[in-house]
Amino acid sequence: MAQTDIPAGLRLCRASGWNQTESDWRCFLDFNPQGCRVVEAEGRVVGTVTTLRFEDRFSWISMLLVDPEMRHRGIGSMLLGEALRLLNDIPTVRLDATPAGKLVYDKFGFVEEYRLVRMRALSPKSTTRSGVHLMTDSDLPRVLEFDREVFGADRGAILRHLYGSAPEYAFVAESAGDVHGFALGRHGWNAEHLGPLVTPDEAVARSLASAYLSRLGPRPCLLDAPQHSGTWTAWLKSLGFVAERPFIRMFRGPNSYPGLPDHQFAITGPEFG
């Protein structure tokens with residue numbers, strides 16, 4: 001995949017109703033340009049896949065898209081096989097699957113790690129917040145250090161990209177002078193996206209989410225929530241969020257660096273982990 005293929009990638013996103021923007025595609029191409037692939041047929045792009053590497057600990061597969069007119073011809077399986085070939089030097093490969101996609105990934109040796117749910121609100125309610133502040137450049141080193149343990153590897157390049165793209169959505173919570181949580185967001189095609197939201201404390205998660213929502217205005221919002229807290233999901237529903245569809249986090253390999261999933265109240269997204 002090259003920068004000139006981005007319009008084709010966006011066309012496939014729109015055909016599937018996906019939320020990604022040009023900025024998201026550029027993120028993949030900037031951070032792992034040799035790990036992004038397209039399939040062409042009759043002179044046009046009909047499929048895509050992207051990969052990310054997180055140190056030498058694990059990798060990520062995403063943006064597996066096939067033109068609706070070209071599905072059920074083996075293109076998706078071919079792209080997945082190519083992605084696995086590109087990542088064969090990394091011990092663990094991870095991804096977030098839809099229930100339909102899981103049936104394909106099962107055949108390639110992926111196993112389930114945990115469940116997530118995408119939640120969307122057309123106009124989420126505003127609520128109170130406390131103890132959080134807008135992220136600044138000086139906060140970033142501490143935020144990245146805090147995040148590495150939770151995510152399981154360094155993803156500083158992606159978090160810096162999110163912060164630079166939507167600083168108005170970036171918030172930090174502190175406790176005794178240390179980072180105790182943070183939230184980032186990004187702009188999307190049909191909704192703004194909250195995530196990642198990282199903290200060990202659900203009360204802090206609510207304050208961070210509330211700060212984010214205070215900046216949202218009338219725009220719709222979505223987030224992808226790991227299913228480790230029923231009270232968190234219930235609180236989101238009280239603000240107007242509704243469950244849209246499930247995802248299954250899967251991995252292939254030893255999964256030696258799972259991070260701390262119960263400290264993630266919203267992931268970055270299925271495409272970024």
# chains A, B, ... in the order shown; residues from 1 in each chain; ligands from 1
>>> residues_around(residues="segment 245-258 of chain A", least_positions_apart="5", cutoff="10 Å", atoms="only C-alpha atoms", output="PyMOL selection string")
chain A and resi 57-60+84+90-102+105-106+108-120+149-153+224-227+270+273
>>> select_by_dssp(residues="segment 72-270 of chain A", states="alpha helix (DSSP H)", output="PyMOL selection string")
chain A and resi 75-86+99-107+140-151+156-165+202-214+230-238
>>> closest_atom_pairs(of="segment 94-191 of chain A", to="segment 24-38 of chain A", cutoff="8 Å", atoms="only C-alpha atoms", output="JSON lines")
{"residue": "A:Ala157", "atom": "CA", "partner": "A:Phe31", "partner_atom": "CA", "distance": 7.6}
{"residue": "A:Ile158", "atom": "CA", "partner": "A:Cys27", "partner_atom": "CA", "distance": 7.5}
{"residue": "A:His161", "atom": "CA", "partner": "A:Cys27", "partner_atom": "CA", "distance": 7.5}
>>> select_by_dssp(residues="segment 62-136 of chain A", states="strand (DSSP E or B)", output="NGL selection string")
:A and (62-66 or 93-97 or 111-121 or 132-134)
>>> residues_around(residues="Leu208 of chain A", least_positions_apart="4", cutoff="12 Å", atoms="only C-alpha atoms", output="CSV table (one decimal) with N, CA and C atoms, in the first residue's frame")
chain,number,residue,atom,x,y,z
A,127,THR,N,-22.1,15.2,31.9
A,127,THR,CA,-22.1,14.8,33.3
A,127,THR,C,-21.0,15.5,34.0
A,128,THR,N,-20.9,15.5,35.3
A,128,THR,CA,-19.9,16.2,36.1
A,128,THR,C,-18.6,15.4,36.0
A,129,ARG,N,-17.5,16.1,36.3
A,129,ARG,CA,-16.2,15.5,36.3
A,129,ARG,C,-15.3,16.2,37.4
A,130,SER,N,-14.3,15.6,37.9
A,130,SER,CA,-13.4,16.2,38.9
A,130,SER,C,-12.1,15.5,38.8
A,131,GLY,N,-11.0,16.3,39.1
A,131,GLY,CA,-9.7,15.7,39.2
A,131,GLY,C,-9.0,15.4,38.0
A,132,VAL,N,-9.4,16.0,36.8
A,132,VAL,CA,-8.7,15.7,35.6
A,132,VAL,C,-8.4,17.1,34.9
A,133,HIS,N,-7.4,17.1,34.0
A,133,HIS,CA,-7.1,18.3,33.3
A,133,HIS,C,-6.7,18.0,31.9
A,134,LEU,N,-6.7,18.9,31.0
A,134,LEU,CA,-6.3,18.8,29.7
A,134,LEU,C,-4.8,18.3,29.6
A,135,MET,N,-4.5,17.4,28.8
A,135,MET,CA,-3.1,16.9,28.6
A,135,MET,C,-2.3,18.0,28.0
A,169,TYR,N,-9.4,16.5,23.0
A,169,TYR,CA,-9.9,15.3,23.6
A,169,TYR,C,-9.0,14.6,24.6
A,170,ALA,N,-7.8,15.2,24.8
A,170,ALA,CA,-6.8,14.5,25.6
A,170,ALA,C,-6.8,15.0,27.1
A,171,PHE,N,-7.0,14.1,28.0
A,171,PHE,CA,-7.1,14.4,29.4
A,171,PHE,C,-6.3,13.5,30.3
A,172,VAL,N,-5.8,14.0,31.4
A,172,VAL,CA,-5.0,13.3,32.4
A,172,VAL,C,-5.6,13.4,33.8
A,173,ALA,N,-5.6,12.3,34.5
A,173,ALA,CA,-5.9,12.3,35.9
A,173,ALA,C,-4.6,12.0,36.7
A,174,GLU,N,-4.4,12.7,37.8
A,174,GLU,CA,-3.3,12.5,38.7
A,174,GLU,C,-3.7,12.1,40.1
A,180,HIS,N,-2.6,8.8,37.0
A,180,HIS,CA,-3.5,7.8,37.5
A,180,HIS,C,-4.5,7.3,36.4
A,181,GLY,N,-4.4,8.0,35.3
A,181,GLY,CA,-5.3,7.7,34.2
A,181,GLY,C,-5.2,8.7,33.1
A,182,PHE,N,-5.6,8.4,31.9
A,182,PHE,CA,-5.7,9.3,30.8
A,182,PHE,C,-6.7,8.9,29.8
A,183,ALA,N,-7.1,9.8,29.0
A,183,ALA,CA,-8.1,9.5,27.9
A,183,ALA,C,-7.6,10.3,26.6
A,184,LEU,N,-7.8,9.7,25.5
A,184,LEU,CA,-7.5,10.4,24.2
A,184,LEU,C,-8.7,10.1,23.3
A,185,GLY,N,-8.8,10.8,22.2
A,185,GLY,CA,-9.9,10.6,21.3
A,185,GLY,C,-9.5,11.0,19.9
A,194,LEU,N,-13.9,7.9,21.3
A,194,LEU,CA,-13.3,8.0,22.6
A,194,LEU,C,-12.4,6.7,22.8
A,195,GLY,N,-11.1,6.9,23.1
A,195,GLY,CA,-10.2,5.8,23.3
A,195,GLY,C,-8.8,6.1,22.8
A,196,PRO,N,-7.8,5.6,23.5
A,196,PRO,CA,-8.0,4.8,24.7
A,196,PRO,C,-8.3,5.6,26.0
A,197,LEU,N,-9.0,4.9,26.9
A,197,LEU,CA,-9.2,5.4,28.2
A,197,LEU,C,-8.7,4.4,29.2
A,198,VAL,N,-7.6,4.8,29.9
A,198,VAL,CA,-6.8,3.9,30.7
A,198,VAL,C,-6.7,4.4,32.2
A,199,THR,N,-7.1,3.6,33.1
A,199,THR,CA,-6.9,3.9,34.5
A,199,THR,C,-7.3,2.6,35.3
A,201,ASP,N,-9.0,2.7,38.0
A,201,ASP,CA,-10.1,3.2,38.9
A,201,ASP,C,-11.3,3.6,38.1
A,202,GLU,N,-12.4,2.9,38.3
A,202,GLU,CA,-13.6,3.2,37.5
A,202,GLU,C,-14.2,4.6,37.7
A,203,ALA,N,-14.0,5.1,38.9
A,203,ALA,CA,-14.5,6.5,39.2
A,203,ALA,C,-13.7,7.5,38.4
A,204,VAL,N,-12.4,7.2,38.3
A,204,VAL,CA,-11.5,8.1,37.4
A,204,VAL,C,-11.9,7.9,36.0
A,212,TYR,N,-14.1,14.3,28.4
A,212,TYR,CA,-14.1,14.1,26.9
A,212,TYR,C,-15.5,14.5,26.4
A,213,LEU,N,-16.6,14.1,27.0
A,213,LEU,CA,-17.9,14.4,26.5
A,213,LEU,C,-18.2,15.8,26.6
A,214,SER,N,-17.6,16.5,27.5
A,214,SER,CA,-17.8,18.0,27.7
A,214,SER,C,-17.3,18.7,26.5
A,215,ARG,N,-16.4,18.1,25.7
A,215,ARG,CA,-15.8,18.8,24.5
A,215,ARG,C,-16.5,18.3,23.2
A,265,PHE,N,-10.7,1.0,30.0
A,265,PHE,CA,-12.2,1.1,29.9
A,265,PHE,C,-12.7,1.5,28.5
A,266,ALA,N,-11.8,1.8,27.6
A,266,ALA,CA,-12.0,2.0,26.2
A,266,ALA,C,-10.7,1.8,25.5
>>> atom_distance(atom1="atom CA of Thr233 of chain A", atom2="atom CA of Ile61 of chain A")
26.6 Å
>>> atom_distance(atom1="atom CA of His228 of chain A", atom2="atom CA of Asp262 of chain A")
6.1 Å
>>> atom_distance(atom1="atom CA of Phe272 of chain A", atom2="atom CA of Ala243 of chain A")
20.3 Å
